[in-house]
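Novice: Contents of protein_31.cif (mmCIF, C-alpha atoms and all ligand atoms) are below:
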data_final
#
loop_
_atom_site.label_atom_id
_atom_site.label_comp_id
_atom_site.auth_asym_id
_atom_site.auth_seq_id
_atom_site.Cartn_x
_atom_site.Cartn_y
_atom_site.Cartn_z
CA MET A 18 2.06 -1.68 -26.89
CA VAL A 19 3.99 1.47 -27.77
CA ARG A 20 1.76 4.14 -29.33
CA SER A 21 2.79 5.97 -32.47
CA ILE A 22 2.66 9.76 -32.07
CA PRO A 23 3.35 12.59 -34.52
CA PRO A 24 6.89 13.99 -34.48
CA CYS A 25 7.58 17.44 -33.07
CA PRO A 26 6.79 19.79 -35.98
CA PHE A 27 9.99 21.80 -35.54
CA ALA A 28 13.55 21.13 -34.41
CA VAL A 29 13.45 22.61 -30.92
CA GLU A 30 17.18 23.03 -30.43
CA GLU A 31 17.72 24.56 -33.87
CA LEU A 32 15.17 27.26 -33.15
CA ILE A 33 16.01 27.57 -29.45
CA PRO A 34 19.69 26.70 -28.96
CA GLU A 35 19.46 27.74 -25.30
CA LEU A 36 17.48 24.52 -24.70
CA ALA A 37 20.31 22.29 -25.94
CA GLY A 38 20.93 19.67 -23.29
CA HIS A 39 17.53 20.15 -21.67
CA ALA A 40 15.61 17.46 -23.56
CA ARG A 41 14.52 14.57 -21.37
CA THR A 42 13.19 11.16 -22.24
CA THR A 43 9.83 10.49 -20.69
CA THR A 44 7.56 7.46 -21.00
CA LEU A 45 3.98 8.53 -21.68
CA LEU A 46 1.46 6.09 -20.22
CA TYR A 47 -1.70 6.76 -22.25
CA PRO A 48 -4.21 5.24 -19.77
CA ARG A 49 -7.35 3.95 -21.48
CA ALA A 50 -10.42 2.49 -19.78
CA GLY A 51 -10.21 -1.28 -19.88
CA SER A 52 -9.85 -4.52 -17.96
CA PRO A 53 -6.16 -5.00 -17.12
CA GLY A 54 -5.21 -8.14 -15.17
CA VAL A 55 -2.98 -8.52 -12.10
CA ARG A 56 -0.03 -9.34 -14.35
CA ASP A 57 -0.50 -6.27 -16.53
CA SER A 58 0.89 -2.79 -16.11
CA SER A 59 -2.05 -0.51 -15.43
CA VAL A 60 -3.48 2.64 -13.92
CA GLY A 61 -6.27 1.86 -11.46
CA GLY A 62 -6.07 -1.86 -12.28
CA PRO A 63 -5.75 -4.92 -10.01
CA LEU A 64 -2.36 -5.38 -8.34
CA LEU A 65 -0.09 -8.39 -8.08
CA TRP A 66 -0.31 -8.36 -4.29
CA PRO A 67 1.26 -10.99 -2.00
CA ALA A 68 -1.22 -13.13 -0.07
CA ASP A 69 0.79 -12.80 3.14
CA GLU A 70 0.84 -9.00 3.18
CA PRO A 71 -2.17 -7.12 4.57
CA TRP A 72 -3.88 -4.81 2.12
CA PRO A 73 -2.96 -1.20 3.00
CA VAL A 74 -5.49 0.83 4.98
CA CYS A 75 -5.50 4.51 5.82
CA PRO A 76 -4.89 5.42 9.48
CA ASP A 77 -7.28 8.39 9.36
CA ALA A 78 -10.58 8.08 11.22
CA GLY A 79 -13.44 6.99 8.95
CA HIS A 80 -11.10 5.99 6.09
CA ASP A 81 -10.41 2.38 5.20
CA ALA A 82 -8.98 0.40 2.27
CA MET A 83 -6.63 2.06 -0.20
CA VAL A 84 -7.09 1.67 -3.98
CA PRO A 85 -4.68 0.62 -6.75
CA VAL A 86 -3.39 3.59 -8.74
CA VAL A 87 -0.30 2.46 -10.63
CA GLN A 88 1.27 -0.89 -11.43
CA LEU A 89 4.32 -0.98 -13.70
CA PHE A 90 6.42 -3.99 -14.63
CA ALA A 91 10.04 -3.35 -15.62
CA ARG A 92 9.49 -5.16 -18.93
CA ASP A 93 6.96 -2.51 -19.98
CA VAL A 94 8.98 0.57 -18.98
CA PRO A 95 12.62 -0.13 -19.91
CA GLU A 96 13.60 3.49 -19.21
CA LEU A 97 12.54 3.24 -15.56
CA LEU A 98 15.38 2.43 -13.14
CA PHE A 99 14.21 -0.18 -10.65
CA PRO A 100 16.06 -0.67 -7.35
CA ALA A 101 18.24 -3.80 -7.39
CA GLY A 102 16.23 -7.00 -7.02
CA THR A 103 12.91 -5.46 -8.02
CA ASP A 104 10.97 -5.38 -11.28
CA LEU A 105 7.53 -4.23 -10.16
CA LEU A 106 6.40 -0.80 -8.98
CA GLN A 107 3.04 -0.35 -7.28
CA ILE A 108 1.32 2.79 -5.98
CA VAL A 109 -1.88 2.77 -3.94
CA TRP A 110 -3.61 5.63 -2.22
CA CYS A 111 -6.43 6.37 0.17
CA PRO A 112 -9.01 8.03 -2.10
CA CYS A 113 -10.32 10.29 0.67
CA LEU A 114 -9.06 13.83 1.23
CA HIS A 115 -6.11 14.51 3.56
CA ASP A 116 -4.61 17.80 4.58
CA ASP A 117 -1.21 18.04 2.88
CA ARG A 118 0.39 21.44 3.43
CA ASP A 119 -2.97 23.19 3.01
CA GLU A 120 -4.07 21.13 0.00
CA TRP A 121 -6.66 18.33 0.25
CA VAL A 122 -5.44 15.24 -1.50
CA ALA A 123 -5.29 11.43 -1.56
CA LEU A 124 -2.72 9.72 0.69
CA PRO A 125 -0.32 7.58 -1.43
CA ARG A 126 2.03 4.70 -0.67
CA LEU A 127 4.62 3.22 -2.98
CA TYR A 128 6.07 -0.28 -3.18
CA TRP A 129 8.94 -1.88 -5.13
CA ARG A 130 8.68 -5.66 -5.48
CA ASP A 131 10.09 -8.72 -7.21
CA ALA A 132 7.19 -10.09 -9.26
CA ALA A 133 8.52 -13.67 -9.13
CA ASP A 134 8.68 -13.49 -5.33
CA VAL A 135 5.07 -12.32 -5.18
CA SER A 136 3.94 -15.11 -7.49
CA ALA A 137 5.83 -17.70 -5.42
CA THR A 138 4.10 -16.43 -2.26
CA GLY A 139 0.64 -16.60 -3.77
CA LEU A 140 -1.66 -13.71 -4.57
CA LEU A 141 -4.16 -11.91 -2.40
CA ALA A 142 -7.41 -13.07 -3.97
CA ASP A 143 -9.93 -10.42 -3.12
CA PRO A 144 -8.54 -7.05 -1.98
CA PRO A 145 -11.06 -4.93 -0.05
CA ARG A 146 -12.66 -1.90 -1.67
CA PRO A 147 -12.96 1.39 0.21
CA SER A 148 -16.32 2.28 1.70
CA ALA A 149 -15.33 5.96 1.86
CA TYR A 150 -13.80 7.83 -1.06
CA ASP A 151 -13.73 11.09 -2.98
CA GLU A 152 -14.46 10.50 -6.67
CA ASP A 153 -11.74 13.01 -7.59
CA PHE A 154 -9.15 10.44 -6.52
CA LEU A 155 -10.83 7.14 -7.45
CA PRO A 156 -9.35 5.90 -10.76
CA ARG A 157 -11.23 3.64 -13.14
CA PRO A 158 -9.25 0.59 -14.35
CA CYS A 159 -7.09 1.47 -17.34
CA THR A 160 -4.65 -0.32 -19.57
CA VAL A 161 -1.47 1.61 -20.33
CA SER A 162 0.70 1.89 -23.44
CA PRO A 163 4.11 3.08 -22.23
CA THR A 164 5.53 5.17 -25.06
CA PRO A 165 8.96 6.81 -24.92
CA ALA A 166 9.15 10.43 -26.13
CA LEU A 167 11.45 13.42 -25.91
CA GLU A 168 10.19 16.46 -24.07
CA TYR A 169 11.48 19.87 -23.07
CA PRO A 170 10.90 21.91 -19.91
CA ASN A 171 7.70 23.78 -19.22
CA TRP A 172 7.58 24.98 -15.59
CA ASP A 173 11.11 23.64 -15.10
CA MET A 174 12.67 26.06 -17.57
CA PRO A 175 16.32 26.69 -16.66
CA GLU A 176 16.90 29.71 -14.44
CA GLY A 177 16.75 32.98 -16.34
CA LEU A 178 15.45 31.48 -19.61
CA SER A 179 11.70 31.68 -19.12
CA GLY A 180 11.80 35.48 -19.23
CA THR A 181 14.03 35.73 -22.29
CA LEU A 182 12.39 32.92 -24.29
CA GLY A 183 8.80 34.14 -24.05
CA GLU A 184 9.14 36.46 -27.01
CA ARG A 185 10.92 33.78 -29.07
CA PHE A 186 8.14 31.29 -28.39
CA GLU A 187 5.66 33.83 -29.72
CA GLU A 188 7.76 34.37 -32.86
CA ILE A 189 8.01 30.62 -33.40
CA GLU A 190 4.26 30.23 -33.01
CA ALA A 191 3.64 33.06 -35.47
CA ALA A 192 6.05 31.52 -38.00
CA THR A 193 5.17 27.81 -37.62
CA GLY A 194 1.65 27.85 -36.19
CA HIS A 195 2.81 25.74 -33.24
CA SER A 196 3.04 26.63 -29.58
CA TYR A 197 6.29 25.42 -28.00
CA TYR A 198 4.32 24.38 -24.92
CA ASP A 199 1.81 22.34 -26.94
CA VAL A 200 4.29 20.41 -29.05
CA ALA A 201 7.48 20.17 -26.97
CA THR A 202 6.19 19.80 -23.38
CA THR A 203 3.69 17.39 -21.83
CA ILE A 204 1.13 17.44 -19.03
CA GLN A 205 -0.15 13.88 -18.90
CA SER A 206 0.47 10.72 -16.89
CA LYS A 207 4.06 9.69 -17.47
CA VAL A 208 7.22 8.12 -16.07
CA GLY A 209 10.44 10.14 -15.86
CA GLY A 210 11.04 13.30 -17.85
CA TYR A 211 9.78 16.53 -16.32
CA PRO A 212 6.98 16.43 -13.70
CA GLY A 213 3.59 17.32 -15.21
CA TRP A 214 3.22 20.34 -12.89
CA THR A 215 0.21 22.56 -13.44
CA GLN A 216 1.66 25.11 -10.98
CA PRO A 217 5.18 26.34 -10.19
CA PRO A 218 7.57 23.49 -9.34
CA ASP A 219 8.01 22.27 -5.78
CA TRP A 220 10.82 19.69 -5.95
CA PRO A 221 11.31 17.74 -2.71
CA ASP A 222 14.73 17.24 -1.13
CA CYS A 223 15.74 13.90 0.36
CA ALA A 224 16.87 13.67 4.00
CA CYS A 225 20.39 13.14 2.58
CA GLY A 226 20.29 16.70 1.23
CA ARG A 227 19.98 15.88 -2.48
CA ARG A 228 17.08 17.01 -4.63
CA MET A 229 14.99 13.95 -5.44
CA ASP A 230 14.46 12.63 -8.99
CA HIS A 231 11.07 12.70 -10.71
CA LEU A 232 9.74 9.13 -10.75
CA LEU A 233 6.31 9.54 -12.33
CA SER A 234 3.33 11.85 -12.62
CA ILE A 235 -0.37 11.00 -12.53
CA THR A 236 -2.26 13.96 -13.95
CA ALA A 237 -5.96 14.64 -14.37
CA THR A 238 -5.48 15.65 -17.98
CA GLU A 239 -4.63 13.39 -20.92
CA PRO A 240 -4.29 14.63 -24.48
CA ALA A 241 -7.50 14.29 -26.52
CA HIS A 242 -6.16 16.29 -29.49
CA GLY A 243 -2.93 17.76 -30.73
CA ARG A 244 0.62 16.53 -31.08
CA TRP A 245 0.58 14.09 -28.16
CA LEU A 246 -2.57 12.23 -29.29
CA PRO A 247 -1.50 8.88 -30.80
CA TYR A 248 -2.21 8.45 -34.52
CA ASP A 249 -4.58 5.51 -34.00
CA ASP A 250 -6.77 7.62 -31.70
CA HIS A 251 -7.26 10.24 -34.42
CA ALA A 252 -10.70 10.90 -35.83
CA ALA A 253 -10.99 9.51 -39.34
CA GLY A 254 -11.32 11.79 -42.35
CA GLY A 255 -10.87 15.53 -42.28
CA ASP A 256 -7.90 17.38 -43.65
CA ARG A 257 -6.47 18.97 -40.53
CA PRO A 258 -2.74 18.53 -39.92
CA VAL A 259 -1.83 15.75 -37.51
CA TRP A 260 -0.87 18.30 -34.84
CA LEU A 261 -4.41 19.67 -34.78
CA THR A 262 -6.46 16.51 -35.13
CA ASP A 263 -9.09 15.65 -32.52
CA ALA A 264 -9.70 12.22 -31.02
CA ASP A 265 -12.06 9.78 -32.66
CA PRO A 266 -15.37 10.14 -30.76
CA ALA A 267 -15.39 6.34 -30.35
CA VAL A 268 -12.17 6.42 -28.32
CA GLU A 269 -12.59 9.78 -26.58
CA ASP A 270 -14.70 8.45 -23.69
CA GLY A 271 -12.05 5.85 -22.91
CA ILE A 272 -9.20 8.34 -22.57
CA GLY A 273 -7.79 8.66 -19.06
CA HIS A 274 -8.45 7.37 -15.57
CA GLY A 275 -11.41 9.68 -14.95
CA MET A 276 -10.01 11.48 -11.88
CA ASP A 277 -10.39 15.26 -11.69
CA MET A 278 -7.81 15.43 -8.87
CA GLY A 279 -9.21 18.67 -7.49
CA ASP A 280 -9.21 21.28 -10.22
CA LEU A 281 -7.48 19.16 -12.90
CA GLY A 282 -4.18 18.85 -11.09
CA GLY A 283 -1.72 16.04 -10.59
CA ILE A 284 0.24 13.99 -8.07
CA TYR A 285 3.98 13.76 -8.71
CA PHE A 286 6.23 11.09 -7.22
CA PHE A 287 9.93 11.51 -6.52
CA VAL A 288 12.67 9.15 -5.33
CA CYS A 289 16.24 9.41 -4.09
CA ARG A 290 18.34 6.77 -5.83
CA HIS A 291 21.41 7.60 -3.71
CA CYS A 292 19.90 6.41 -0.45
CA PRO A 293 19.78 2.62 0.02
CA GLU A 294 16.06 2.39 0.78
CA THR A 295 15.05 4.46 -2.28
CA PRO A 296 13.02 6.91 -0.19
CA TYR A 297 10.11 8.59 -1.97
CA ALA A 298 8.05 11.74 -1.63
CA TYR A 299 5.08 13.18 -3.49
CA ARG A 300 3.72 16.57 -4.36
CA TYR A 301 0.25 17.64 -5.38
CA ASP A 302 -0.95 20.69 -7.28
CA CYS A 303 -4.13 21.74 -9.01
ZN ZN B 1 -7.33 8.36 4.19
ZN ZN B 2 18.74 10.53 -0.32
#
Any chance you could put this one into structure tokens?

Specialist:
Amino acid sequence: MVRSIPPCPFAVEELIPELAGHARTTTLLYPRAGSPGVRDSSVGGPLLWPADEPWPVCPDAGHDAMVPVVQLFARDVPELLFPAGTDLLQIVWCPCLHDDRDEWVALPRLYWRDAADVSATGLLADPPRPSAYDEDFLPRPCTVSPTPALEYPNWDMPEGLSGTLGERFEEIEAATGHSYYDVATTIQSKVGGYPGWTQPPDWPDCACGRRMDHLLSITATEPAHGRWLPYDDHAAGGDRPVWLTDADPAVEDGIGHGMDMGDLGGIYFFVCRHCPETPYAYRYDC
């Protein structure tokens, strides 16, 4: 179900013509605690996993079963380009900590599948749960509501613009009451668009030499107020403008997958669509 969100309160490219051409379509996932099934898109939910394929385990000593993190069916995310012959994307990770270029983070794996093939094979009935984990990287089961939106760059501001636009952003905020970063950029779990970096960008290059494309971001933070909070999560009553409304207390506890991911960071997945095997890479920041 697509969520309805308030429009951007100002026309970004009218006020900031330098950003013309830099809008990107992203699909915001809006994970909410729930009970998704194996045939549902989800974050942290059960996976449509083939019976004849062993459940992934981590090779590190003392670590064992990996956990479901993302499952997306093509039907739910029309903007996501699936490799030919596939319509199901799955990400699992080992929820223990692994040294990744001096950061300590979960160890992910990514799979593209044909859902009909998996169903024809039969499903793995009872995937193992990990006996060792770090709660920072153990998601609770969430339904998702993939919602397309237009966003503009935050950390990925075009070269030379971040310095010159700072003053303009302040003028716009003084005149409209809205921060460019709050209403035109997003840090939340999403597919495509700009990565939800919380630190300076670190785009991976593919072995073929090309910079990889952003596939999706899983971030510790999800909007609980402001422009990106869907209308039907808004607290009732009150007379605050939609861009300043807080979440209904009844829904607030259900927002997000519950992972702190270190100090409220994120894991960002990238793919190369030029190489035949669709190689992937990930980055972590916090
Ligand atoms: Zn591990
Ligand atoms: Zn490549």

Novice: Write as a ChimeraX atom specification the residues around ligand ZN 2 (chain B), taking 7 Å as the cut-off and counting all atoms listed in the file.

Specialist: /A:223-227,289-292,296

Novice: Store the residues of this selection in a file with C-alpha atoms, as an mmCIF file, in the frame of the given file.

Specialist:
data_model
loop_
_atom_site.group_PDB
_atom_site.id
_atom_site.type_symbol
_atom_site.label_atom_id
_atom_site.label_comp_id
_atom_site.auth_asym_id
_atom_site.auth_seq_id
_atom_site.Cartn_x
_atom_site.Cartn_y
_atom_site.Cartn_z
ATOM 1 C CA CYS A 223 15.740 13.900 0.360
ATOM 2 C CA ALA A 224 16.870 13.670 4.000
ATOM 3 C CA CYS A 225 20.390 13.140 2.580
ATOM 4 C CA GLY A 226 20.290 16.700 1.230
ATOM 5 C CA ARG A 227 19.980 15.880 -2.480
ATOM 6 C CA CYS A 289 16.240 9.410 -4.090
ATOM 7 C CA ARG A 290 18.340 6.770 -5.830
ATOM 8 C CA HIS A 291 21.410 7.600 -3.710
ATOM 9 C CA CYS A 292 19.900 6.410 -0.450
ATOM 10 C CA PRO A 296 13.020 6.910 -0.190
#

Novice: Taking all atoms listed in the file and a cut-off of 8 Å, can you tell me which residues surround ligand ZN 1 (chain B), written as a list in words?

Specialist: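 Here is the list of contacting residues: Val74, Cys75, Pro76, Asp77, Ala78, Gly79, His80, Asp81, Met83, Trp110, Cys111, Pro112, Cys113, Leu114, His115, Ala123 and Leu124 of chain A.
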
Novice: Taking into account all atoms listed in the file, which residue in the set A:Asp104, A:Asp256, A:Asp230, A:Asp199 is nearest to A:Leu65?

Specialist: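 With all atoms listed in the file as the atom set, the closest residue is A:Asp104.
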
Novice: Which value, in Å to one decimal, gives the distance between atom CA of A:Pro165 and atom CA of A:Arg56?

Specialist: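 Going from atom CA of A:Pro165 over to atom CA of A:Arg56, I get 21.3 Å.
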
Novice: Which is closer to A:Pro145 than all the others in A:Trp129, A:Trp72, A:Tyr248, A:Trp121, using all atoms listed in the file?

Specialist: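 Of A:Trp129, A:Trp72, A:Tyr248, A:Trp121, the one nearest A:Pro145, counting all atoms listed in the file, is A:Trp72.
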
Novice: Could you check which residues have any atom within 12 Å of (-4.3, 8.7, -34.2), counting all atoms listed in the file with coordinates taken straight from the file, and then list them as a ChimeraX atom specification?

Specialist: /A:20-23,240-254,258-269

Novice: Between A:Asp143, A:Asp270, A:Glu70, A:Glu120, which residue has the minimum interatomic distance to A:Cys303, considering all atoms listed in the file?

Specialist: A:Glu120

Novice: Could I see stretch 193-218 of chain A restored to N, CA, C and O atoms, set down as a short mmCIF file (atom, residue, chain, number, x, y, z; two decimals), keeping the file's coordinate frame?

Specialist:
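And here's part-v7.cif as it stands now:
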data_model
loop_
_atom_site.label_atom_id
_atom_site.label_comp_id
_atom_site.auth_asym_id
_atom_site.auth_seq_id
_atom_site.Cartn_x
_atom_site.Cartn_y
_atom_site.Cartn_z
N THR A 193 5.43 29.24 -37.33
CA THR A 193 5.17 27.81 -37.62
C THR A 193 3.73 27.41 -37.34
O THR A 193 3.31 26.34 -37.76
N GLY A 194 3.01 28.22 -36.58
CA GLY A 194 1.65 27.85 -36.19
C GLY A 194 1.61 26.93 -34.99
O GLY A 194 0.55 26.43 -34.62
N HIS A 195 2.76 26.68 -34.35
CA HIS A 195 2.81 25.74 -33.24
C HIS A 195 3.30 26.40 -31.97
O HIS A 195 4.33 27.09 -31.98
N SER A 196 2.59 26.17 -30.89
CA SER A 196 3.04 26.63 -29.58
C SER A 196 4.10 25.67 -29.05
O SER A 196 3.90 24.45 -29.04
N TYR A 197 5.24 26.23 -28.63
CA TYR A 197 6.29 25.42 -28.00
C TYR A 197 5.69 24.53 -26.91
O TYR A 197 5.99 23.34 -26.83
N TYR A 198 4.85 25.13 -26.06
CA TYR A 198 4.32 24.38 -24.92
C TYR A 198 3.44 23.22 -25.37
O TYR A 198 3.44 22.16 -24.75
N ASP A 199 2.70 23.40 -26.47
CA ASP A 199 1.81 22.34 -26.94
C ASP A 199 2.57 21.17 -27.58
O ASP A 199 2.15 20.02 -27.45
N VAL A 200 3.65 21.47 -28.27
CA VAL A 200 4.29 20.41 -29.05
C VAL A 200 5.59 19.88 -28.46
O VAL A 200 6.07 18.82 -28.85
N ALA A 201 6.18 20.61 -27.50
CA ALA A 201 7.48 20.17 -26.97
C ALA A 201 7.43 19.83 -25.48
O ALA A 201 8.40 19.32 -24.94
N THR A 202 6.30 20.13 -24.81
CA THR A 202 6.19 19.80 -23.38
C THR A 202 4.91 19.01 -23.16
O THR A 202 3.98 19.08 -23.98
N THR A 203 4.87 18.23 -22.08
CA THR A 203 3.69 17.39 -21.83
C THR A 203 3.14 17.58 -20.43
O THR A 203 3.90 17.72 -19.47
N ILE A 204 1.80 17.61 -20.32
CA ILE A 204 1.13 17.44 -19.03
C ILE A 204 0.18 16.27 -19.21
O ILE A 204 -0.91 16.40 -19.77
N GLN A 205 0.65 15.10 -18.81
CA GLN A 205 -0.15 13.88 -18.90
C GLN A 205 0.54 12.84 -18.02
O GLN A 205 1.66 13.07 -17.57
N SER A 206 -0.12 11.74 -17.76
CA SER A 206 0.47 10.72 -16.89
C SER A 206 1.69 10.12 -17.57
O SER A 206 1.63 9.73 -18.75
N LYS A 207 2.81 10.07 -16.83
CA LYS A 207 4.06 9.69 -17.47
C LYS A 207 5.08 9.26 -16.43
O LYS A 207 4.96 9.58 -15.24
N VAL A 208 6.11 8.55 -16.91
CA VAL A 208 7.22 8.12 -16.07
C VAL A 208 8.45 8.90 -16.50
O VAL A 208 8.72 9.02 -17.70
N GLY A 209 9.21 9.41 -15.54
CA GLY A 209 10.44 10.14 -15.86
C GLY A 209 10.15 11.43 -16.61
O GLY A 209 9.01 11.91 -16.66
N GLY A 210 11.19 12.00 -17.20
CA GLY A 210 11.04 13.30 -17.85
C GLY A 210 10.78 14.37 -16.81
O GLY A 210 11.17 14.25 -15.65
N TYR A 211 10.10 15.44 -17.24
CA TYR A 211 9.78 16.53 -16.32
C TYR A 211 8.43 16.25 -15.64
O TYR A 211 7.50 15.75 -16.29
N PRO A 212 8.29 16.60 -14.35
CA PRO A 212 6.98 16.43 -13.70
C PRO A 212 5.91 17.20 -14.47
O PRO A 212 6.19 18.24 -15.06
N GLY A 213 4.69 16.67 -14.48
CA GLY A 213 3.59 17.32 -15.21
C GLY A 213 2.94 18.44 -14.41
O GLY A 213 1.72 18.56 -14.43
N TRP A 214 3.75 19.25 -13.73
CA TRP A 214 3.22 20.34 -12.89
C TRP A 214 2.15 21.14 -13.63
O TRP A 214 2.29 21.41 -14.83
N THR A 215 1.13 21.56 -12.89
CA THR A 215 0.21 22.56 -13.44
C THR A 215 0.42 23.90 -12.73
O THR A 215 -0.26 24.87 -13.04
N GLN A 216 1.33 23.91 -11.76
CA GLN A 216 1.66 25.11 -10.98
C GLN A 216 3.19 25.17 -10.86
O GLN A 216 3.87 24.22 -11.24
N PRO A 217 3.72 26.27 -10.32
CA PRO A 217 5.18 26.34 -10.19
C PRO A 217 5.77 25.14 -9.46
O PRO A 217 5.16 24.59 -8.54
N PRO A 218 6.96 24.70 -9.89
CA PRO A 218 7.57 23.49 -9.34
C PRO A 218 7.82 23.57 -7.83
O PRO A 218 8.02 24.63 -7.27
#
